[in-house]
Amino acid sequence: NSIGHSRLTDYFSKVHEIPLRFKYSQFPLSNYLGSIGFAFSGSTLIAQTVKDTLITLLGSLQTLQEIPADVLIKKYQANEPFPIPEINNYPSLMEISNLTYDIISQALMSYENQTKGEILLFGYCKKINQFKAFSLRFYKNSIHDQQCLEPVDIDLSEPYVFGDQVEVVKNNIKNYGEDSRAPLKGLAKTIMDAGYTGSVGGHLQLATSNQVLFQIYGVANSFKDFVYSGYKLIDGDTMELKMLGDFLIAPSTMAEHQL
């Protein structure tokens, strides 16, 4: 993350999953509805605030569909899935983007320093049966000069590059020609070339989205280290797997050589 041309940390993740969860008024147990992607550039503090608020709000959706409490309790006790709301009642990505616009606007009002950035929401919109992405740019120069721009519908026919050193990233992507992984390779080269002196830093992140969910991948590098969101989950020297209770911590992984 950077302010001006000075990086603060290479540890903080710039890509996150925002789960959508719903509940019934008669039995307020959260149920999975899907997930979308959240990425940002610029102000880490504003982005963190917005992300946390979105996770809370989108994780507490209550359907207007009425189902008797005894029916829901029986399904819960029998370990049966709850009824899922109709697709045409799902929140659209555009509606979520408008909510994010409100959150950013309010966050800017209580933020005392100058700041700017961009937040990208993306994923599969079940309501319209289509992949979508929306960009929200914001800035604050003073209490009298601050704004969050309305959500902009992004053209997904080509890679969307935002943040610092946009032209450098675009040129690096072009150097890989028609390679299907050109955007990923171009970004990886930009990070590598910047070293510890440039304003572009952090670690490579990969995420995929389909009709069911949004998924973030860790990266297994040439040293056999497994890095997930900046955290070395598996050390190549020991190859020790980390456990919690009787569960293995096992995020999806992409090998660096696949680049």
# chains A, B, ... in the order shown; residues from 1 in each chain; ligands from 1
call {"tool": "select_by_dssp", "arguments": {"residues": "segment 13-79 of chain A", "states": "alpha helix (DSSP H)", "output": "number ranges by chain"}}
result
A: 44-58, 69-77
call {"tool": "write_last_selection", "arguments": {"atoms": "N, CA, C and O atoms", "output": "compact mmCIF listing (two decimals), in the first residue's frame"}}
result
# COMPACT_ATOMS: atom_id res chain seq x y z
N THR A 44 -5.80 2.69 2.24
CA THR A 44 -6.04 1.41 2.91
C THR A 44 -7.10 1.55 3.99
O THR A 44 -7.96 0.67 4.15
N LEU A 45 -7.07 2.65 4.74
CA LEU A 45 -7.98 2.81 5.86
C LEU A 45 -9.43 2.94 5.40
O LEU A 45 -10.34 2.31 5.96
N ILE A 46 -9.67 3.73 4.34
CA ILE A 46 -11.03 3.86 3.81
C ILE A 46 -11.50 2.51 3.27
O ILE A 46 -12.62 2.07 3.53
N ALA A 47 -10.63 1.83 2.51
CA ALA A 47 -11.00 0.54 1.91
C ALA A 47 -11.32 -0.48 3.00
O ALA A 47 -12.29 -1.24 2.88
N GLN A 48 -10.51 -0.51 4.05
CA GLN A 48 -10.75 -1.47 5.15
C GLN A 48 -12.08 -1.18 5.83
O GLN A 48 -12.85 -2.11 6.14
N THR A 49 -12.37 0.09 6.04
CA THR A 49 -13.64 0.48 6.66
C THR A 49 -14.82 0.06 5.80
O THR A 49 -15.80 -0.52 6.29
N VAL A 50 -14.73 0.33 4.51
CA VAL A 50 -15.81 0.00 3.58
C VAL A 50 -15.99 -1.51 3.48
O VAL A 50 -17.11 -2.03 3.51
N LYS A 51 -14.89 -2.24 3.38
CA LYS A 51 -14.95 -3.70 3.27
C LYS A 51 -15.61 -4.32 4.50
O LYS A 51 -16.50 -5.18 4.38
N ASP A 52 -15.18 -3.89 5.69
CA ASP A 52 -15.74 -4.45 6.92
C ASP A 52 -17.23 -4.15 7.04
O ASP A 52 -18.02 -5.00 7.50
N THR A 53 -17.62 -2.94 6.63
CA THR A 53 -19.04 -2.58 6.69
C THR A 53 -19.84 -3.41 5.71
O THR A 53 -20.94 -3.90 6.03
N LEU A 54 -19.32 -3.62 4.50
CA LEU A 54 -20.00 -4.43 3.50
C LEU A 54 -20.17 -5.87 3.99
O LEU A 54 -21.23 -6.47 3.81
N ILE A 55 -19.11 -6.43 4.60
CA ILE A 55 -19.18 -7.80 5.08
C ILE A 55 -20.29 -7.94 6.13
O ILE A 55 -21.05 -8.92 6.14
N THR A 56 -20.41 -6.94 7.00
CA THR A 56 -21.44 -6.98 8.03
C THR A 56 -22.83 -6.85 7.43
O THR A 56 -23.74 -7.64 7.74
N LEU A 57 -23.02 -5.87 6.55
CA LEU A 57 -24.35 -5.61 5.98
C LEU A 57 -24.80 -6.71 5.04
O LEU A 57 -25.95 -7.18 5.11
N LEU A 58 -23.90 -7.16 4.15
CA LEU A 58 -24.27 -8.20 3.19
C LEU A 58 -24.31 -9.58 3.84
O LEU A 58 -24.81 -10.53 3.24
N ALA A 69 -41.59 -21.08 11.57
CA ALA A 69 -40.40 -21.40 12.36
C ALA A 69 -40.25 -22.90 12.58
O ALA A 69 -39.12 -23.43 12.55
N ASP A 70 -41.36 -23.63 12.80
CA ASP A 70 -41.25 -25.06 13.07
C ASP A 70 -40.71 -25.82 11.86
O ASP A 70 -39.99 -26.82 12.00
N VAL A 71 -41.03 -25.35 10.64
CA VAL A 71 -40.51 -25.97 9.42
C VAL A 71 -39.00 -25.77 9.34
O VAL A 71 -38.24 -26.71 9.03
N LEU A 72 -38.53 -24.57 9.64
CA LEU A 72 -37.10 -24.27 9.59
C LEU A 72 -36.34 -25.04 10.68
O LEU A 72 -35.24 -25.54 10.43
N ILE A 73 -36.93 -25.14 11.85
CA ILE A 73 -36.27 -25.86 12.95
C ILE A 73 -36.12 -27.34 12.61
O ILE A 73 -35.07 -27.94 12.86
N LYS A 74 -37.17 -27.93 12.01
CA LYS A 74 -37.10 -29.34 11.63
C LYS A 74 -36.01 -29.58 10.59
O LYS A 74 -35.28 -30.58 10.63
N LYS A 75 -35.90 -28.65 9.62
CA LYS A 75 -34.86 -28.78 8.61
C LYS A 75 -33.47 -28.66 9.24
O LYS A 75 -32.54 -29.38 8.88
N TYR A 76 -33.35 -27.74 10.19
CA TYR A 76 -32.07 -27.55 10.86
C TYR A 76 -31.69 -28.81 11.65
O TYR A 76 -30.54 -29.29 11.58
N GLN A 77 -32.65 -29.36 12.39
CA GLN A 77 -32.38 -30.56 13.20
C GLN A 77 -32.08 -31.78 12.33
O GLN A 77 -31.31 -32.66 12.74
call {"tool": "select_by_dssp", "arguments": {"residues": "segment 9-245 of chain A", "states": "strand (DSSP E or B)", "output": "PyMOL selection string"}}
result
chain A and resi 15-24+27-42+61-62+115-125+130-142+145-148+152-153+206-209+214-220+226-228+231-234+243-244
call {"tool": "atom_distance", "arguments": {"atom1": "atom CA of Ile36 of chain A", "atom2": "atom CA of Asn98 of chain A"}}
result
14.6 Å
call {"tool": "closest_residue", "arguments": {"among": "A:Phe122, A:Leu244, A:Pro183, A:Pro83", "to": "Pro68 of chain A", "atoms": "only C-alpha atoms"}}
result
A:Pro83
call {"tool": "residues_around", "arguments": {"residues": "Leu213 of chain A", "least_positions_apart": "4", "cutoff": "9 Å", "atoms": "only C-alpha atoms", "output": "mmCIF file with N, CA and C atoms, in the first residue's frame"}}
result
data_model
loop_
_atom_site.group_PDB
_atom_site.id
_atom_site.type_symbol
_atom_site.label_atom_id
_atom_site.label_comp_id
_atom_site.auth_asym_id
_atom_site.auth_seq_id
_atom_site.Cartn_x
_atom_site.Cartn_y
_atom_site.Cartn_z
ATOM 1 N N PRO A 19 -18.826 -12.205 1.250
ATOM 2 C CA PRO A 19 -19.909 -13.197 1.197
ATOM 3 C C PRO A 19 -21.275 -12.531 1.360
ATOM 4 N N LEU A 33 -25.512 -17.264 0.316
ATOM 5 C CA LEU A 33 -26.223 -16.847 -0.888
ATOM 6 C C LEU A 33 -25.270 -16.693 -2.079
ATOM 7 N N GLY A 34 -23.979 -16.604 -1.811
ATOM 8 C CA GLY A 34 -22.982 -16.387 -2.858
ATOM 9 C C GLY A 34 -21.926 -15.417 -2.359
ATOM 10 N N SER A 35 -21.040 -14.983 -3.248
ATOM 11 C CA SER A 35 -20.014 -14.015 -2.863
ATOM 12 C C SER A 35 -19.551 -13.224 -4.070
ATOM 13 N N ILE A 36 -18.974 -12.045 -3.800
ATOM 14 C CA ILE A 36 -18.447 -11.175 -4.851
ATOM 15 C C ILE A 36 -17.029 -10.764 -4.478
ATOM 16 N N GLY A 123 -17.822 -9.661 -10.023
ATOM 17 C CA GLY A 123 -18.241 -11.044 -9.821
ATOM 18 C C GLY A 123 -19.450 -11.362 -10.665
ATOM 19 N N TYR A 124 -20.052 -12.506 -10.379
ATOM 20 C CA TYR A 124 -21.208 -12.961 -11.142
ATOM 21 C C TYR A 124 -22.475 -12.442 -10.488
ATOM 22 N N THR A 208 -10.732 -15.965 -8.767
ATOM 23 C CA THR A 208 -11.623 -16.349 -9.854
ATOM 24 C C THR A 208 -13.066 -16.231 -9.386
ATOM 25 N N SER A 209 -13.950 -16.061 -10.350
ATOM 26 C CA SER A 209 -15.368 -15.940 -10.033
ATOM 27 C C SER A 209 -16.162 -16.773 -11.019
#
call {"tool": "atom_distance", "arguments": {"atom1": "atom CA of Ala39 of chain A", "atom2": "atom CA of Phe247 of chain A"}}
result
28.7 Å
call {"tool": "residues_around", "arguments": {"residues": "segment 143-157 of chain A", "least_positions_apart": "6", "cutoff": "9 Å", "atoms": "only C-alpha atoms", "output": "number ranges by chain"}}
result
A: 94, 97-98, 100-102, 104-105, 108-109, 111-112, 131-137
call {"tool": "write_last_selection", "arguments": {"atoms": "all heavy atoms", "output": "short mmCIF file (atom, residue, chain, number, x, y, z; two decimals), in the first residue's frame"}}
result
data_model
loop_
_atom_site.label_atom_id
_atom_site.label_comp_id
_atom_site.auth_asym_id
_atom_site.auth_seq_id
_atom_site.Cartn_x
_atom_site.Cartn_y
_atom_site.Cartn_z
N MET A 94 -25.27 -4.06 -9.09
CA MET A 94 -25.49 -2.63 -9.19
C MET A 94 -26.04 -2.08 -7.88
O MET A 94 -25.61 -1.02 -7.39
CB MET A 94 -26.47 -2.33 -10.34
CG MET A 94 -26.74 -0.85 -10.57
SD MET A 94 -25.33 0.01 -11.33
CE MET A 94 -25.07 1.35 -10.17
N SER A 97 -23.31 -1.96 -5.41
CA SER A 97 -22.41 -0.84 -5.73
C SER A 97 -22.99 0.48 -5.23
O SER A 97 -22.26 1.34 -4.73
CB SER A 97 -22.16 -0.77 -7.24
OG SER A 97 -21.52 -1.94 -7.70
N ASN A 98 -24.29 0.64 -5.35
CA ASN A 98 -24.94 1.86 -4.84
C ASN A 98 -24.84 1.93 -3.32
O ASN A 98 -24.64 3.02 -2.74
CB ASN A 98 -26.40 1.91 -5.28
CG ASN A 98 -26.56 2.23 -6.76
OD1 ASN A 98 -25.71 2.92 -7.35
ND2 ASN A 98 -27.62 1.74 -7.37
N THR A 100 -22.40 0.61 -1.60
CA THR A 100 -20.99 0.92 -1.36
C THR A 100 -20.73 2.41 -1.55
O THR A 100 -19.94 3.01 -0.80
CB THR A 100 -20.10 0.10 -2.31
OG1 THR A 100 -20.42 -1.28 -2.19
CG2 THR A 100 -18.63 0.31 -2.00
N TYR A 101 -21.38 3.01 -2.51
CA TYR A 101 -21.27 4.45 -2.74
C TYR A 101 -21.69 5.22 -1.48
O TYR A 101 -21.01 6.17 -1.06
CB TYR A 101 -22.15 4.85 -3.93
CG TYR A 101 -22.33 6.33 -4.12
CD1 TYR A 101 -21.37 7.09 -4.78
CD2 TYR A 101 -23.48 6.98 -3.65
CE1 TYR A 101 -21.54 8.46 -4.95
CE2 TYR A 101 -23.66 8.33 -3.83
CZ TYR A 101 -22.68 9.07 -4.48
OH TYR A 101 -22.86 10.42 -4.64
N ASP A 102 -22.79 4.81 -0.86
CA ASP A 102 -23.26 5.46 0.37
C ASP A 102 -22.26 5.28 1.51
O ASP A 102 -21.98 6.21 2.27
CB ASP A 102 -24.62 4.89 0.80
CG ASP A 102 -25.76 5.37 -0.09
OD1 ASP A 102 -25.60 6.41 -0.74
OD2 ASP A 102 -26.80 4.69 -0.11
N ILE A 104 -18.95 4.71 1.31
CA ILE A 104 -17.75 5.52 1.07
C ILE A 104 -18.03 6.99 1.37
O ILE A 104 -17.22 7.67 2.02
CB ILE A 104 -17.27 5.37 -0.39
CG1 ILE A 104 -16.89 3.93 -0.69
CG2 ILE A 104 -16.07 6.29 -0.65
CD1 ILE A 104 -16.56 3.67 -2.16
N SER A 105 -19.17 7.49 0.92
CA SER A 105 -19.51 8.90 1.12
C SER A 105 -19.54 9.25 2.61
O SER A 105 -19.05 10.30 3.03
CB SER A 105 -20.86 9.22 0.47
OG SER A 105 -20.81 8.99 -0.93
N LEU A 108 -15.94 9.14 4.16
CA LEU A 108 -15.14 10.32 3.84
C LEU A 108 -15.44 11.49 4.77
O LEU A 108 -14.55 12.26 5.14
CB LEU A 108 -15.39 10.75 2.39
CG LEU A 108 -14.74 9.93 1.28
CD1 LEU A 108 -15.18 10.43 -0.09
CD2 LEU A 108 -13.22 9.97 1.39
N MET A 109 -16.70 11.61 5.18
CA MET A 109 -17.11 12.73 6.03
C MET A 109 -16.39 12.69 7.38
O MET A 109 -16.07 13.74 7.95
CB MET A 109 -18.62 12.70 6.24
CG MET A 109 -19.42 13.00 4.99
SD MET A 109 -21.21 12.85 5.27
CE MET A 109 -21.46 14.13 6.51
N TYR A 111 -13.44 11.18 7.91
CA TYR A 111 -12.00 11.01 7.73
C TYR A 111 -11.34 12.39 7.72
O TYR A 111 -11.75 13.27 6.96
CB TYR A 111 -11.72 10.28 6.41
CG TYR A 111 -10.31 9.77 6.28
CD1 TYR A 111 -9.90 8.62 6.95
CD2 TYR A 111 -9.38 10.41 5.48
CE1 TYR A 111 -8.61 8.13 6.84
CE2 TYR A 111 -8.09 9.93 5.35
CZ TYR A 111 -7.70 8.79 6.04
OH TYR A 111 -6.43 8.32 5.92
N GLU A 112 -10.33 12.60 8.55
CA GLU A 112 -9.79 13.94 8.77
C GLU A 112 -8.67 14.32 7.82
O GLU A 112 -8.39 15.50 7.63
CB GLU A 112 -9.31 14.08 10.22
CG GLU A 112 -10.44 13.93 11.24
CD GLU A 112 -9.95 14.16 12.66
OE1 GLU A 112 -8.75 14.42 12.83
OE2 GLU A 112 -10.79 14.08 13.58
N PHE A 131 -21.62 -11.69 -15.68
CA PHE A 131 -20.47 -11.17 -14.94
C PHE A 131 -20.45 -9.65 -15.06
O PHE A 131 -20.63 -9.10 -16.15
CB PHE A 131 -19.17 -11.75 -15.48
CG PHE A 131 -18.95 -13.18 -15.11
CD1 PHE A 131 -19.23 -14.20 -16.02
CD2 PHE A 131 -18.47 -13.52 -13.86
CE1 PHE A 131 -19.04 -15.53 -15.68
CE2 PHE A 131 -18.27 -14.85 -13.50
CZ PHE A 131 -18.56 -15.86 -14.41
N LYS A 132 -20.23 -8.96 -13.93
CA LYS A 132 -20.25 -7.51 -13.91
C LYS A 132 -19.11 -6.99 -13.04
O LYS A 132 -18.58 -7.70 -12.18
CB LYS A 132 -21.57 -6.97 -13.36
CG LYS A 132 -22.80 -7.36 -14.17
CD LYS A 132 -22.83 -6.66 -15.52
CE LYS A 132 -23.07 -5.18 -15.38
NZ LYS A 132 -23.17 -4.51 -16.70
N ALA A 133 -18.76 -5.72 -13.26
CA ALA A 133 -17.78 -5.04 -12.41
C ALA A 133 -18.11 -3.55 -12.37
O ALA A 133 -18.50 -2.97 -13.38
CB ALA A 133 -16.36 -5.24 -12.95
N PHE A 134 -17.98 -2.96 -11.19
CA PHE A 134 -18.26 -1.54 -11.01
C PHE A 134 -17.11 -0.88 -10.26
O PHE A 134 -16.60 -1.43 -9.28
CB PHE A 134 -19.56 -1.32 -10.24
CG PHE A 134 -20.79 -1.74 -10.99
CD1 PHE A 134 -21.29 -3.02 -10.86
CD2 PHE A 134 -21.43 -0.86 -11.85
CE1 PHE A 134 -22.42 -3.42 -11.55
CE2 PHE A 134 -22.56 -1.24 -12.55
CZ PHE A 134 -23.06 -2.53 -12.40
N SER A 135 -16.71 0.29 -10.74
CA SER A 135 -15.63 1.05 -10.12
C SER A 135 -16.20 2.25 -9.37
O SER A 135 -17.12 2.92 -9.87
CB SER A 135 -14.65 1.53 -11.19
OG SER A 135 -13.78 2.51 -10.68
N LEU A 136 -15.65 2.52 -8.17
CA LEU A 136 -16.05 3.70 -7.40
C LEU A 136 -14.78 4.44 -6.99
O LEU A 136 -13.98 3.94 -6.19
CB LEU A 136 -16.84 3.31 -6.16
CG LEU A 136 -18.18 2.61 -6.39
CD1 LEU A 136 -18.04 1.09 -6.24
CD2 LEU A 136 -19.24 3.12 -5.43
N ARG A 137 -14.59 5.63 -7.54
CA ARG A 137 -13.43 6.45 -7.19
C ARG A 137 -13.84 7.49 -6.16
O ARG A 137 -14.97 7.97 -6.16
CB ARG A 137 -12.88 7.14 -8.44
CG ARG A 137 -12.34 6.16 -9.48
CD ARG A 137 -11.77 6.88 -10.67
NE ARG A 137 -11.25 5.95 -11.66
CZ ARG A 137 -10.69 6.30 -12.81
NH1 ARG A 137 -10.60 7.60 -13.14
NH2 ARG A 137 -10.24 5.38 -13.64
#
